[in-house]
Every structure is written in structure tokens, then in C-alpha cells.
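One file, coords.txt, is given below (compact mmCIF, C-alpha atoms and all ligand atoms).
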```txt
# COMPACT_ATOMS: atom_id res chain seq x y z
CA MET A 617 28.92 6.34 -7.39
CA VAL A 618 27.28 9.31 -9.02
CA LEU A 619 24.72 8.38 -11.70
CA VAL A 620 24.03 11.18 -14.16
CA VAL A 621 20.62 10.59 -15.70
CA GLY A 622 18.02 12.40 -17.74
CA PRO A 623 16.37 12.40 -21.14
CA SER A 624 18.32 12.54 -24.37
CA GLY A 625 19.43 16.09 -25.23
CA VAL A 626 19.20 17.41 -21.67
CA GLY A 627 22.95 18.04 -21.56
CA LYS A 628 24.43 15.12 -19.59
CA ASP A 629 27.54 14.69 -21.72
CA THR A 630 28.14 18.42 -22.04
CA LEU A 631 27.96 18.87 -18.26
CA LEU A 632 30.13 15.80 -17.70
CA ASP A 633 32.78 17.08 -20.11
CA ALA A 634 32.89 20.42 -18.30
CA ALA A 635 33.09 18.77 -14.87
CA ARG A 636 35.80 16.35 -16.06
CA GLU A 637 37.90 19.30 -17.20
CA ARG A 638 37.29 21.53 -14.17
CA LEU A 639 37.77 18.77 -11.58
CA ALA A 640 40.75 17.20 -13.39
CA GLN A 641 43.22 18.29 -10.71
CA ASP A 642 41.25 16.50 -7.97
CA LYS A 643 42.21 12.83 -8.18
CA HIS A 644 39.28 11.92 -5.93
CA PHE A 645 36.96 12.17 -8.94
CA CYS A 646 36.88 9.63 -11.74
CA PHE A 647 34.98 10.05 -15.03
CA PRO A 648 35.21 6.70 -16.85
CA ARG A 649 34.36 6.35 -20.53
CA ARG A 650 31.44 4.15 -21.60
CA CYS A 651 31.42 1.27 -24.08
CA ILE A 652 28.83 1.89 -26.80
CA THR A 653 27.98 0.07 -30.01
CA ARG A 654 28.25 3.40 -31.80
CA PRO A 655 30.97 3.98 -34.40
CA ALA A 656 34.10 5.78 -33.20
CA GLY A 657 34.32 9.44 -34.07
CA SER A 658 30.56 10.16 -33.83
CA VAL A 659 29.41 13.60 -32.68
CA GLY A 660 29.25 13.98 -28.91
CA GLU A 661 30.94 12.05 -26.13
CA THR A 662 34.21 10.21 -26.55
CA HIS A 663 33.35 6.56 -25.95
CA ILE A 664 34.90 3.10 -26.24
CA PRO A 665 33.44 1.68 -29.47
CA VAL A 666 32.23 -1.92 -29.32
CA ARG A 667 31.00 -3.90 -32.34
CA PRO A 668 27.27 -4.70 -32.06
CA GLU A 669 28.03 -8.39 -32.68
CA ASP A 670 30.45 -8.43 -29.69
CA PHE A 671 28.30 -6.58 -27.18
CA GLY A 672 26.07 -9.47 -26.02
CA GLN A 673 28.99 -11.81 -25.46
CA MET A 674 30.96 -9.15 -23.59
CA ALA A 675 27.94 -8.58 -21.34
CA ARG A 676 27.54 -12.32 -20.69
CA GLN A 677 31.25 -12.61 -19.88
CA GLY A 678 30.95 -9.88 -17.26
CA ALA A 679 32.80 -7.10 -19.07
CA PHE A 680 30.29 -4.55 -17.80
CA LEU A 681 29.35 -3.43 -14.31
CA LEU A 682 26.12 -2.00 -15.72
CA SER A 683 24.72 -2.41 -19.21
CA TRP A 684 21.55 -1.56 -21.08
CA MET A 685 20.04 -1.15 -24.52
CA ALA A 686 18.56 2.14 -25.71
CA HIS A 687 18.08 3.88 -29.05
CA ASP A 688 19.03 0.59 -30.83
CA LEU A 689 22.47 0.74 -29.19
CA GLY A 690 24.18 -1.24 -26.44
CA TYR A 691 25.83 0.65 -23.57
CA GLY A 692 28.16 -0.68 -20.88
CA ILE A 693 30.07 0.74 -17.93
CA PRO A 694 33.37 -1.19 -17.84
CA ARG A 695 33.63 -3.53 -14.83
CA HIS A 696 36.99 -2.06 -13.70
CA VAL A 697 35.01 0.98 -12.50
CA LEU A 698 33.99 -1.06 -9.43
CA GLY A 699 37.64 -1.01 -8.33
CA GLU A 700 37.59 2.79 -8.33
CA VAL A 701 34.42 2.82 -6.21
CA GLU A 702 35.92 0.30 -3.79
CA ALA A 703 39.06 2.44 -3.55
CA GLY A 704 36.84 5.24 -2.25
CA LYS A 705 36.81 7.39 -5.37
CA THR A 706 33.76 9.30 -6.52
CA VAL A 707 32.96 7.75 -9.89
CA ILE A 708 30.69 9.83 -12.11
CA VAL A 709 28.92 8.09 -14.97
CA ASN A 710 26.18 8.80 -17.49
CA VAL A 711 23.68 5.93 -17.31
CA SER A 712 20.19 5.02 -18.40
CA ARG A 713 17.44 5.77 -15.93
CA SER A 714 16.58 2.06 -16.23
CA VAL A 715 19.72 0.89 -14.36
CA ILE A 716 19.49 3.06 -11.22
CA SER A 717 18.19 0.15 -9.13
CA ASP A 718 20.90 -2.18 -10.52
CA ALA A 719 23.57 0.31 -9.41
CA CYS A 720 22.01 0.59 -5.94
CA ALA A 721 22.00 -3.21 -5.67
CA LEU A 722 25.67 -3.36 -6.73
CA VAL A 723 27.23 -0.79 -4.42
CA GLY A 724 24.48 -0.12 -1.86
CA GLN A 725 22.00 2.73 -2.04
CA LYS A 726 23.87 4.80 0.55
CA ASN A 727 26.85 4.86 -1.83
CA VAL A 728 24.78 6.08 -4.78
CA ARG A 729 23.90 9.64 -5.69
CA VAL A 730 21.58 10.17 -8.64
CA ILE A 731 21.96 13.52 -10.38
CA SER A 732 18.86 13.97 -12.50
CA ILE A 733 19.33 16.60 -15.20
CA ARG A 734 16.16 18.38 -16.30
CA ALA A 735 15.12 20.77 -19.08
CA SER A 736 11.85 21.54 -20.86
CA SER A 737 10.75 19.40 -23.79
CA GLU A 738 11.12 22.48 -26.06
CA ALA A 739 14.76 22.76 -24.99
CA LEU A 740 15.34 19.04 -25.63
CA ARG A 741 13.93 19.29 -29.15
CA LYS A 742 15.96 22.40 -29.96
CA ARG A 743 19.18 20.91 -28.60
CA LEU A 744 18.80 17.53 -30.33
CA LYS A 745 18.18 19.29 -33.66
CA ALA A 746 21.17 21.59 -33.15
CA ARG A 747 23.43 18.67 -32.15
CA GLY A 748 22.65 17.01 -35.48
CA ARG A 749 23.79 13.48 -34.57
CA GLU A 750 20.39 11.85 -35.16
CA ASP A 751 17.93 12.14 -38.03
CA ALA A 752 14.42 13.58 -37.58
CA LEU A 753 12.82 10.17 -36.86
CA ASP A 754 15.44 9.30 -34.24
CA ILE A 755 14.95 12.68 -32.60
CA GLU A 756 11.18 12.07 -32.34
CA ARG A 757 11.85 8.64 -30.80
CA ARG A 758 14.23 10.17 -28.29
CA LEU A 759 11.70 12.87 -27.36
CA ALA A 760 9.01 10.20 -26.91
CA ARG A 761 11.31 8.32 -24.52
CA ALA A 762 11.98 11.44 -22.45
CA SER A 763 8.99 10.87 -20.17
CA ALA A 764 9.43 7.09 -19.97
CA TYR A 765 10.90 7.24 -16.46
CA GLN A 766 10.21 9.26 -13.32
CA VAL A 767 13.37 9.76 -11.26
CA ASP A 768 12.67 10.54 -7.63
CA GLY A 769 13.75 9.49 -4.17
CA ASP A 770 15.95 10.40 -1.23
CA HIS A 771 19.17 9.82 -3.14
CA VAL A 772 18.19 12.03 -6.11
CA VAL A 773 19.53 15.55 -6.64
CA HIS A 774 17.79 17.46 -9.43
CA VAL A 775 19.82 19.86 -11.58
CA ASP A 776 17.94 22.17 -13.93
CA ASN A 777 19.93 22.74 -17.12
CA ASP A 778 17.24 25.00 -18.50
CA THR A 779 19.17 28.23 -18.91
CA ASP A 780 22.68 29.15 -20.10
CA LEU A 781 25.33 26.46 -20.04
CA GLU A 782 27.59 28.15 -17.46
CA THR A 783 24.71 28.14 -14.96
CA GLY A 784 24.06 24.47 -15.74
CA ILE A 785 27.74 23.61 -15.21
CA ALA A 786 27.88 25.48 -11.87
CA ARG A 787 24.74 23.68 -10.64
CA PHE A 788 26.07 20.33 -11.79
CA ILE A 789 29.45 20.73 -10.08
CA HIS A 790 27.68 21.87 -6.92
CA ALA A 791 25.57 18.67 -7.03
CA ILE A 792 28.72 16.54 -7.41
CA GLU A 793 30.62 18.25 -4.59
CA MET A 794 27.67 18.41 -2.16
CA PRO A 795 28.29 16.27 0.96
CA GLN A 796 26.29 13.03 0.93
CA SER A 797 24.43 14.04 4.10
CA ILE A 798 23.00 17.08 2.29
CA ALA A 799 22.41 15.25 -1.00
CA ASN A 800 20.26 12.70 0.84
CA ARG A 801 17.98 15.52 1.90
CA ALA A 802 17.94 17.30 -1.48
N1 LIG A 901 22.41 24.81 -21.06
C1 LIG A 901 22.50 24.58 -22.38
N2 LIG A 901 22.15 25.56 -23.24
C2 LIG A 901 22.22 25.35 -24.58
N3 LIG A 901 22.62 24.21 -25.16
C3 LIG A 901 22.99 23.20 -24.35
C4 LIG A 901 22.93 23.34 -22.93
N4 LIG A 901 23.35 22.16 -22.39
C5 LIG A 901 23.65 21.34 -23.43
N5 LIG A 901 23.43 21.97 -24.60
C6 LIG A 901 23.59 21.42 -25.97
O1 LIG A 901 22.55 20.45 -26.15
C7 LIG A 901 23.01 19.37 -26.96
C8 LIG A 901 22.72 18.04 -26.25
O2 LIG A 901 23.60 17.95 -25.15
P1 LIG A 901 24.26 16.56 -24.76
O3 LIG A 901 24.73 15.83 -25.96
O4 LIG A 901 25.25 16.87 -23.69
O5 LIG A 901 22.98 15.83 -24.15
P2 LIG A 901 22.82 14.40 -23.50
O6 LIG A 901 21.91 14.52 -22.34
O7 LIG A 901 24.16 13.80 -23.25
O8 LIG A 901 22.07 13.64 -24.66
P3 LIG A 901 22.13 12.09 -25.05
O9 LIG A 901 21.54 11.33 -23.93
O10 LIG A 901 21.33 12.02 -26.31
O11 LIG A 901 23.57 11.78 -25.30
C9 LIG A 901 24.48 19.58 -27.23
O12 LIG A 901 24.65 20.06 -28.54
C10 LIG A 901 24.89 20.66 -26.21
O13 LIG A 901 25.88 21.51 -26.69
O1 LIG A 902 16.34 7.11 -21.69
P1 LIG A 902 17.32 6.45 -20.77
O2 LIG A 902 17.20 4.96 -20.77
O3 LIG A 902 17.36 7.02 -19.40
O4 LIG A 902 18.79 6.77 -21.38
C1 LIG A 902 19.22 5.96 -22.42
C2 LIG A 902 20.55 6.34 -22.95
O5 LIG A 902 20.34 7.49 -23.74
C3 LIG A 902 21.43 8.29 -23.73
O6 LIG A 902 22.30 7.78 -24.68
P2 LIG A 902 23.20 8.64 -25.68
O7 LIG A 902 24.16 9.36 -24.78
O8 LIG A 902 22.33 9.54 -26.47
O9 LIG A 902 23.88 7.64 -26.54
C4 LIG A 902 21.87 8.15 -22.31
O10 LIG A 902 23.21 8.47 -22.19
C5 LIG A 902 21.59 6.73 -21.92
O11 LIG A 902 22.71 5.91 -22.11
```
Could you rewrite the structure in this file as C-alpha cells?
Ligand SMILES: Nc1ncnc2c1ncn2[C@@H]1O[C@H](COP(=O)(O)OP(=O)(O)OP(=O)(O)O)[C@@H](O)[C@H]1O
Ligand SMILES: O=P(O)(O)OC[C@H]1O[C@H](OP(=O)(O)O)[C@H](O)[C@@H]1O
Amino acid sequence: MVLVVGPSGVGKDTLLDAARERLAQDKHFCFPRRCITRPAGSVGETHIPVRPEDFGQMARQGAFLLSWMAHDLGYGIPRHVLGEVEAGKTVIVNVSRSVISDACALVGQKNVRVISIRASSEALRKRLKARGREDALDIERRLARASAYQVDGDHVVHVDNDTDLETGIARFIHAIEMPQSIANRA
């Protein structure tokens, strides 16, 4: 299981979209969609929309392998994803930094790779403004949350998405394809 983490605006979804497209011919990789209590058709990632009033019950009924709340929204990774992991596929998902330990507990730390995407706070601000999905207050809240977690450890591979997008994509795909033995030492 590859957990793609990092602060809002760092480029997780953009890098994931590029990797999904470029690795599409390799059936070993799986890029599942997330359930989010965000209206369908919003700017950014294609997600599975869930009504806010349904989210809690779905979580209690076990619909999600991992779930969390952030930015006043509920997020869930559909439970069926576990089947893909158990079938030996490399499943690549965008998750909150707060659920890394939950994922390690679920599938075992040796089966988890954390790809931590990084960029400067100036870049985050510029990108969130340019994306235009959130208003100014929401953007400030997201920037304040950026430093809420430190992501480090043997199973973490850092990818700097601090320059042009093509370089970011190449670094990201390299981090996905890197053998686990090397990733553990990264
Ligand atoms: N290397 C880059 N150079 C310039 N712009 C970039 C780069 N990477 C991503 N972006 C742009 O930054 C914006 C934020 O990217 P994206 O939505 O992928 O971030 P994210 O990490 O998924 O954020 P969130 O957690 O809020 O969903 C997008 O508009 C995207 O096009
Ligand atoms: O700050 P933390 O908890 O690591 O991340 C919280 C959430 O923020 C982003 O949400 P979105 O993609 O902007 O909806 C991430 O994808 C993650 O789901």
C-alpha cells in the first residue's frame, strides 16, 4: 500500500493523476477513488461523493478501510481496496497524514510505503490560490494545517514537488516504482 501524503496544495492529486495515466497499462498498480463528503463535480480530483449525513453511518458499518475528517469534510478509502492489497497489487492512495499508523496496523508496516510530497509554504499558497477551489479563509486554514504533522521514518520516501510539474511527476513515479528494499532505506 502506497500512502501519498503531504499538506494541502502540495500536488498530491496532480501527481496521482499523472501516475494513473502513465502507469495505466501496468495492471499491477491500482489507483482507487476516495469517498468524500464534497459535492460531485468540484474542482480537482474525481471522487465518490457521499452525503455528509450518510458518512458517519457508512464509517460505523465498515464501508471504509481508512477514514478521517479534515477541512470540515469526511474522507474514506473504500473497504474493497483491501482485496486489491491482498491480491498483491500496489494500491496507491491519497490519505491524511493522521491515518498512516492506522494503515500500518491494517496491512503491516512492511507492506506500507509512505510517499511524502513536499514544497515550500510559498508554493503551497500560490498553488492553492491558483487552484481556486477554496475561499481565502479556507486557504489560510489549510496553510495553517500544513505543519500539523511531521512525516518521517524508515518507510517514508520524500518527493520534492518544488519545481516544474514534469520533474515532480518523474520523481513521484520513481518513488512508486522503487523496490521496497531501497524505499526502506530512503
Ligand atoms: N510542480 C508544480 N508546479 C506548479 N503547479 C503545481 C505543481 N504541482 C501541482 N501544481 C498545482 O497546484 C495545485 C494544487 O495541486 P493539487 O490539487 O494536486 O494538490 P493536493 O496536494 O492534492 O491538495 P489538496 O490536499 O488540497 O487536495 C493544482 O492547481 C496543481 O495544478
Ligand atoms: O492535513 P492532512 O490531514 O494530512 O490531509 C487532510 C486531507 O487534506 C487533503 O484533502 P483534499 O484533497 O484537499 O480534499 C488530503 O487529501 C487529505 O485527505
How close does chain A get to ligand LIG 902 (chain A)? List, as JSON lines, each residue of chain A within 9 Å, its nearest atom pair and the distance in Å to one decimal, counting all atoms listed in the file.
```
{"residue": "A:Val620", "atom": "CA", "partner": "A:LIG902", "partner_atom": "O10", "distance": 8.5}
{"residue": "A:Val621", "atom": "CA", "partner": "A:LIG902", "partner_atom": "O3", "distance": 6.1}
{"residue": "A:Gly622", "atom": "CA", "partner": "A:LIG902", "partner_atom": "O3", "distance": 5.7}
{"residue": "A:Pro623", "atom": "CA", "partner": "A:LIG902", "partner_atom": "O1", "distance": 5.3}
{"residue": "A:Ser624", "atom": "CA", "partner": "A:LIG902", "partner_atom": "C3", "distance": 5.3}
{"residue": "A:Gly625", "atom": "CA", "partner": "A:LIG902", "partner_atom": "O8", "distance": 7.3}
{"residue": "A:Lys628", "atom": "CA", "partner": "A:LIG902", "partner_atom": "O10", "distance": 7.2}
{"residue": "A:Asp629", "atom": "CA", "partner": "A:LIG902", "partner_atom": "O7", "distance": 7.0}
{"residue": "A:Arg650", "atom": "CA", "partner": "A:LIG902", "partner_atom": "O11", "distance": 8.9}
{"residue": "A:Ile652", "atom": "CA", "partner": "A:LIG902", "partner_atom": "O9", "distance": 7.6}
{"residue": "A:Arg654", "atom": "CA", "partner": "A:LIG902", "partner_atom": "O9", "distance": 8.0}
{"residue": "A:Gly660", "atom": "CA", "partner": "A:LIG902", "partner_atom": "O7", "distance": 8.0}
{"residue": "A:Glu661", "atom": "CA", "partner": "A:LIG902", "partner_atom": "O7", "distance": 7.4}
{"residue": "A:Trp684", "atom": "CA", "partner": "A:LIG902", "partner_atom": "O11", "distance": 7.6}
{"residue": "A:Met685", "atom": "CA", "partner": "A:LIG902", "partner_atom": "C1", "distance": 7.5}
{"residue": "A:Ala686", "atom": "CA", "partner": "A:LIG902", "partner_atom": "C1", "distance": 5.1}
{"residue": "A:His687", "atom": "CA", "partner": "A:LIG902", "partner_atom": "O5", "distance": 6.8}
{"residue": "A:Leu689", "atom": "CA", "partner": "A:LIG902", "partner_atom": "O9", "distance": 7.5}
{"residue": "A:Gly690", "atom": "CA", "partner": "A:LIG902", "partner_atom": "O11", "distance": 8.5}
{"residue": "A:Tyr691", "atom": "CA", "partner": "A:LIG902", "partner_atom": "O11", "distance": 6.3}
{"residue": "A:Gly692", "atom": "CA", "partner": "A:LIG902", "partner_atom": "O11", "distance": 8.6}
{"residue": "A:Asn710", "atom": "CA", "partner": "A:LIG902", "partner_atom": "O10", "distance": 5.6}
{"residue": "A:Val711", "atom": "CA", "partner": "A:LIG902", "partner_atom": "O11", "distance": 4.9}
{"residue": "A:Ser712", "atom": "CA", "partner": "A:LIG902", "partner_atom": "O3", "distance": 3.6}
{"residue": "A:Arg713", "atom": "CA", "partner": "A:LIG902", "partner_atom": "O3", "distance": 3.7}
{"residue": "A:Ser714", "atom": "CA", "partner": "A:LIG902", "partner_atom": "O2", "distance": 5.4}
{"residue": "A:Val715", "atom": "CA", "partner": "A:LIG902", "partner_atom": "O2", "distance": 8.0}
{"residue": "A:Arg758", "atom": "CA", "partner": "A:LIG902", "partner_atom": "O1", "distance": 7.6}
{"residue": "A:Arg761", "atom": "CA", "partner": "A:LIG902", "partner_atom": "O1", "distance": 5.9}
{"residue": "A:Ala762", "atom": "CA", "partner": "A:LIG902", "partner_atom": "O1", "distance": 6.2}
{"residue": "A:Ser763", "atom": "CA", "partner": "A:LIG902", "partner_atom": "O1", "distance": 8.4}
{"residue": "A:Ala764", "atom": "CA", "partner": "A:LIG902", "partner_atom": "O1", "distance": 7.1}
{"residue": "A:Tyr765", "atom": "CA", "partner": "A:LIG902", "partner_atom": "O3", "distance": 7.1}
```
**Request:** Counting only C-alpha atoms, select every polymer residue within 7 Å of (17.0, 16.2, -18.3) as defined in the file's coordinates, and provide the selection as a list in words.
**Result:**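 I get Gly622, Pro623, Val626, Ser732, Ile733, Arg734 and Ala735 of chain A for the residues within 7 Å of that point.
Distance annotation: of A:Cys651, A:Val723, A:Val701, A:Leu740, the residue with the minimal separation from ligand LIG 901 (chain A) is A:Leu740; atom set is all atoms listed in the file.
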List the spatial neighbours of Met674 of chain A as a PDB file with C-alpha atoms, keeping the file's coordinate frame - criterion: any atom at most 12 Å away, only C-alpha atoms, same-chain residues fewer than 5 positions off excluded.
```
ATOM      1  CA  CYS A 651      31.420   1.270 -24.080  1.00  0.00           C
ATOM      2  CA  ILE A 652      28.830   1.890 -26.800  1.00  0.00           C
ATOM      3  CA  THR A 653      27.980   0.070 -30.010  1.00  0.00           C
ATOM      4  CA  VAL A 666      32.230  -1.920 -29.320  1.00  0.00           C
ATOM      5  CA  ARG A 667      31.000  -3.900 -32.340  1.00  0.00           C
ATOM      6  CA  PRO A 668      27.270  -4.700 -32.060  1.00  0.00           C
ATOM      7  CA  GLU A 669      28.030  -8.390 -32.680  1.00  0.00           C
ATOM      8  CA  ALA A 679      32.800  -7.100 -19.070  1.00  0.00           C
ATOM      9  CA  PHE A 680      30.290  -4.550 -17.800  1.00  0.00           C
ATOM     10  CA  LEU A 681      29.350  -3.430 -14.310  1.00  0.00           C
ATOM     11  CA  LEU A 682      26.120  -2.000 -15.720  1.00  0.00           C
ATOM     12  CA  SER A 683      24.720  -2.410 -19.210  1.00  0.00           C
ATOM     13  CA  GLY A 690      24.180  -1.240 -26.440  1.00  0.00           C
ATOM     14  CA  TYR A 691      25.830   0.650 -23.570  1.00  0.00           C
ATOM     15  CA  GLY A 692      28.160  -0.680 -20.880  1.00  0.00           C
ATOM     16  CA  ILE A 693      30.070   0.740 -17.930  1.00  0.00           C
ATOM     17  CA  PRO A 694      33.370  -1.190 -17.840  1.00  0.00           C
ATOM     18  CA  ARG A 695      33.630  -3.530 -14.830  1.00  0.00           C
TER      19      ARG A 695
END
```
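The closest residue to ligand LIG 901 (chain A), picked from A:Gly678, A:Gly748, A:Gly769, A:Pro795 and counting only C-alpha atoms and all ligand atoms, is A:Gly748.
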**Distance in Å - atom CA of Ala752 of chain A versus atom CA of Gly784 of chain A** =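 Atom CA of Ala752 of chain A sits 26.2 Å away from atom CA of Gly784 of chain A.
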**Request:** Using only C-alpha atoms and all ligand atoms, pick whichever of A:Arg749, A:His771, A:His790, A:Arg743 has the shortest atom-to-atom distance to ligand LIG 901 (chain A).
**Result:**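 Closest candidate: A:Arg743.
Here the question is which of A:Thr630, A:Lys705, A:Asp780, A:Val659 gets nearest to Asp642 of chain A using all atoms listed in the file, and that residue is A:Lys705.
With atom CA of Val767 of chain A on one side and atom CA of Ser737 of chain A on the other, the separation reads 16.0 Å.
Closest approach to ligand LIG 901 (chain A) among A:Ala719, A:Ile708, A:Ile798, A:Ala746 is made by A:Ala746 (distances from all atoms listed in the file).
Distance-wise, atom CA of Leu722 of chain A and atom CA of Val707 of chain A end up 13.7 Å apart.
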**Asked** Quick one: of A:Lys726, A:Val775, A:Arg741, A:Cys720, who's nearest to Leu759 of chain A, counting all atoms listed in the file?
**Response** A:Arg741
**Message:** Which residues are close to Val773 of chain A, i.e. within 8 Å by all atoms listed in the file, leaving aside same-chain residues fewer than 5 positions away? Reply as a list in words.
**Reply:** Arg729, Val730, Ile731, Ser732, Ala791, Ala799 and Ala802 of chain A
